[in-house]
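K.L.:
Mind having a look at this structure? Questions to follow.
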Amino acid sequence: MTIIKRSRRRTAGRIFFPPCLAAAILLGGAGCGREADPSSDAPRFQPDRTARVEYVIDGDTVIVEGDESIRFLGIDTPEIRKWTPDGWRGRDEPWGRDAGNYLHQFIGDREVGLIYDGERTDFYGRTLAYLTIDDILVNARLLREGYATYMDMGKPLKYGDYLRRAEAEARAAARGLWSERRGSFRPPDYYVAGRDGKLFHRQTCGTVDNIHEDNRLRVRREAARELGLEPCSRCLPE
Ligand SMILES: [Zn+2]
């Protein structure tokens with residue numbers, strides 16, 4: 001619950017560390033030219049309804065207003081360890097947090113369009129939908145950036161071809177989970193400190209794993225300084 005948490009940016013405005021800028025910096029320049037999905041082969045996306053994103057669970061599941069879970073159609077993203085009523089469950093898979101972070105930067109706290117395709121709910125009662133934002137099909141964007149794999153559960157999807165092309169593009173360009181890297185990208189908009197600690201760390205610092213989730217603070221650099229925290233000598237959060 002450290003990275004992907006209920007955003008409190010409602011009034012402060014959206015993030016704006018543009019995801020592709022972050023990716024370009026941290027992933028060594030994966031192109032920013034893909035900001036808009038190619039209009040040439042993009043279908044027109046007409047949402048069935050809209051909803052405000054309240055919480056990003058992981059790369060393919062979000063909670064929208066009214067406590068409604070939305071499971072993205074047509075994609076699957078790597079797992080992340082999650083807090084559930086029964087405690088922590090699951091484990092982080094490579095690129096899982098990257099996918100969740102990317103999604104959070106992209107749609108966290110924003111109004112999105114929802115498009116249905118066949119069955120509206122799954123076995124767990126989650127709403128099945130495509131998400132759109134600014135005329136972009138978010139499901140396809142996740143595939144194109146290499147944060148997800150195509151998955152249709154054996155049923156034809158109305159955007160199946162479009163999604164498969166997006167996945168093929170990521171695979172051809174060895175992006176994200178198609179690359180050799182195991183995924184370490186986390187947005188650099190904050191650092192991590194232990195609640196009673198004296199140091200602040202990069203989110204990727206191994207020391208962070210030793211800080212209990214409940215005791216992890218997200219701090220911006222300025223806040224870290226104001227709190228009198230020292231930069232960790234191991235991860236050098238500069
Ligand atoms: Zn550190």
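Naming works like this for the structure tokens: A, B, ... for the chains as they're shown, residue 1 at the start of each chain, ligands 1 onward in shown order.
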Which residues sit within 10 Å of ligand 1, counting only C-alpha atoms and all ligand atoms, listed as an MDAnalysis selection string?

P.N.:
chainID A and resid 191:193 199:209 230:237

K.L.:
From the DSSP assignment of the backbone, select every residue of stretch 134-177 of chain A that is helix (DSSP H, G or I), and format the answer as a list in words.

P.N.:
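Everything in stretch 134-177 of chain A that counts as helix (DSSP H, G or I) is Val138, Asn139, Ala140, Arg141, Leu142, Leu143, Arg144, Gly160, Asp161, Tyr162, Leu163, Arg164, Arg165, Ala166, Glu167, Ala168, Glu169, Ala170, Arg171, Ala172, Gly176 and Leu177 of chain A.
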
K.L.:
Could you write those residues out with C-alpha atoms, as a PDB file, in the first residue's frame?

P.N.:
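Printed below is out.pdb as written:
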ATOM      1  CA  VAL A 138      -6.105   2.775 -21.509  1.00  0.00           C
ATOM      2  CA  ASN A 139      -6.102  -1.009 -21.895  1.00  0.00           C
ATOM      3  CA  ALA A 140      -4.270  -0.666 -25.199  1.00  0.00           C
ATOM      4  CA  ARG A 141      -1.889   1.909 -23.791  1.00  0.00           C
ATOM      5  CA  LEU A 142      -0.804  -0.494 -21.062  1.00  0.00           C
ATOM      6  CA  LEU A 143      -0.140  -3.128 -23.687  1.00  0.00           C
ATOM      7  CA  ARG A 144       1.699  -0.715 -25.951  1.00  0.00           C
ATOM      8  CA  GLY A 160      -9.227  -7.587 -29.610  1.00  0.00           C
ATOM      9  CA  ASP A 161      -7.336  -6.848 -32.812  1.00  0.00           C
ATOM     10  CA  TYR A 162      -6.436  -3.374 -31.666  1.00  0.00           C
ATOM     11  CA  LEU A 163      -5.196  -4.711 -28.334  1.00  0.00           C
ATOM     12  CA  ARG A 164      -3.167  -7.463 -29.968  1.00  0.00           C
ATOM     13  CA  ARG A 165      -1.500  -4.953 -32.251  1.00  0.00           C
ATOM     14  CA  ALA A 166      -0.608  -2.822 -29.245  1.00  0.00           C
ATOM     15  CA  GLU A 167       0.943  -5.830 -27.550  1.00  0.00           C
ATOM     16  CA  ALA A 168       2.838  -6.772 -30.693  1.00  0.00           C
ATOM     17  CA  GLU A 169       4.250  -3.262 -30.874  1.00  0.00           C
ATOM     18  CA  ALA A 170       5.546  -3.462 -27.308  1.00  0.00           C
ATOM     19  CA  ARG A 171       6.993  -6.889 -27.912  1.00  0.00           C
ATOM     20  CA  ALA A 172       8.753  -5.794 -31.111  1.00  0.00           C
ATOM     21  CA  GLY A 176       8.613  -3.178 -20.288  1.00  0.00           C
ATOM     22  CA  LEU A 177       7.981  -6.784 -19.505  1.00  0.00           C
TER      23      LEU A 177
END

K.L.:
Neighbours of A:Leu114 within 10 Å (only C-alpha atoms; same-chain residues fewer than 6 positions away dropped), as a ChimeraX atom specification?

P.N.:
/A:45-51,70,72,127-133,137

K.L.:
Give me the residues near A:Met151 as a PyMOL selection string, where near means some atom within 6 Å (using only C-alpha atoms) and where sequence neighbours in that chain fewer than 6 positions away do not count.

P.N.:
chain A and resi 74-76

K.L.:
For the residues in that selection, give me C-alpha atoms as a PDB file, in the first residue's frame.

P.N.:
ATOM      1  CA  GLY A  74      -8.422  -7.760 -22.604  1.00  0.00           C
ATOM      2  CA  ILE A  75      -5.294  -7.413 -20.543  1.00  0.00           C
ATOM      3  CA  ASP A  76      -3.432  -8.964 -17.686  1.00  0.00           C
TER       4      ASP A  76
END

K.L.:
Go through stretch 101-234 of chain A and collect every residue that DSSP, computed from the backbone, puts in strand (DSSP E); the answer should be as a list of chain:residue names.

P.N.:
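In stretch 101-234 of chain A, DSSP puts these residues in strand (DSSP E): A:Glu111, A:Val112, A:Gly113, A:Leu114, A:Ile115, A:Thr127, A:Leu128, A:Ala129, A:Tyr130, A:Leu131, A:Thr132, A:Ile133, A:Ile136, A:Leu137, A:Thr149, A:Tyr150, A:Tyr191, A:Val192, A:Ala193, A:Gly194, A:Leu199, A:Phe200, A:His201, A:Arg216, A:Leu217, A:Arg218, A:Val219, A:Glu230, A:Pro231.
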
K.L.:
What does the file look like for those residues with C-alpha atoms, as a short mmCIF file (atom, residue, chain, number, x, y, z; two decimals), in the first residue's frame?

P.N.:
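Final output, saved to part.cif:
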data_model
loop_
_atom_site.label_atom_id
_atom_site.label_comp_id
_atom_site.auth_asym_id
_atom_site.auth_seq_id
_atom_site.Cartn_x
_atom_site.Cartn_y
_atom_site.Cartn_z
CA GLU A 111 -12.63 10.89 -14.68
CA VAL A 112 -12.49 7.98 -17.11
CA GLY A 113 -14.85 6.54 -19.65
CA LEU A 114 -16.00 2.94 -19.33
CA ILE A 115 -16.89 0.73 -22.26
CA THR A 127 -17.19 -4.67 -13.47
CA LEU A 128 -15.52 -5.68 -16.72
CA ALA A 129 -14.73 -2.73 -18.93
CA TYR A 130 -12.35 -0.89 -21.16
CA LEU A 131 -11.21 2.45 -19.82
CA THR A 132 -10.78 5.54 -21.90
CA ILE A 133 -9.26 8.87 -21.15
CA ILE A 136 -7.11 6.89 -25.48
CA LEU A 137 -7.99 3.29 -24.75
CA THR A 149 -0.13 -8.89 -21.83
CA TYR A 150 -3.17 -9.54 -23.94
CA TYR A 191 11.02 9.25 -1.45
CA VAL A 192 10.41 6.80 1.33
CA ALA A 193 11.25 7.10 5.01
CA GLY A 194 10.49 5.04 8.06
CA LEU A 199 16.94 8.54 6.64
CA PHE A 200 15.07 8.90 3.42
CA HIS A 201 15.45 6.51 0.51
CA ARG A 216 6.51 3.81 5.42
CA LEU A 217 6.12 7.49 4.77
CA ARG A 218 6.04 8.99 1.34
CA VAL A 219 7.98 12.21 1.39
CA GLU A 230 19.34 12.46 5.91
CA PRO A 231 19.80 10.87 2.50
#

K.L.:
Atom CA of A:Arg221 and atom CA of A:Arg97 are how many Å apart?

P.N.:
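Here the two named atoms are 21.5 Å from each other.
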
K.L.:
At a cut-off of 10 Å, using only C-alpha atoms, what residues contact A:Ala174? Leave out same-chain residues fewer than 6 positions from it and give the result as a PyMOL selection string.

P.N.:
chain A and resi 145-146+168+180-181

K.L.:
Quick one: write out the picked residues with C-alpha atoms as a PDB file, in the first residue's frame?

P.N.:
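Saved as selection.pdb:
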ATOM      1  CA  GLU A 145       3.966   0.418 -23.131  1.00  0.00           C
ATOM      2  CA  GLY A 146       4.809  -3.139 -22.162  1.00  0.00           C
ATOM      3  CA  ALA A 168       2.838  -6.772 -30.693  1.00  0.00           C
ATOM      4  CA  GLU A 180      15.474  -7.896 -20.428  1.00  0.00           C
ATOM      5  CA  ARG A 181      14.925  -5.712 -17.411  1.00  0.00           C
TER       6      ARG A 181
END

K.L.:
Between atom CA of A:Glu79 and atom CA of A:Pro43, what is the spacing in Å?

P.N.:
29.1 Å

K.L.:
So how many Å separate atom CA of A:Leu73 and atom CA of A:Gly59, to one decimal?

P.N.:
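Separation between atom CA of A:Leu73 and atom CA of A:Gly59: 11.7 Å.
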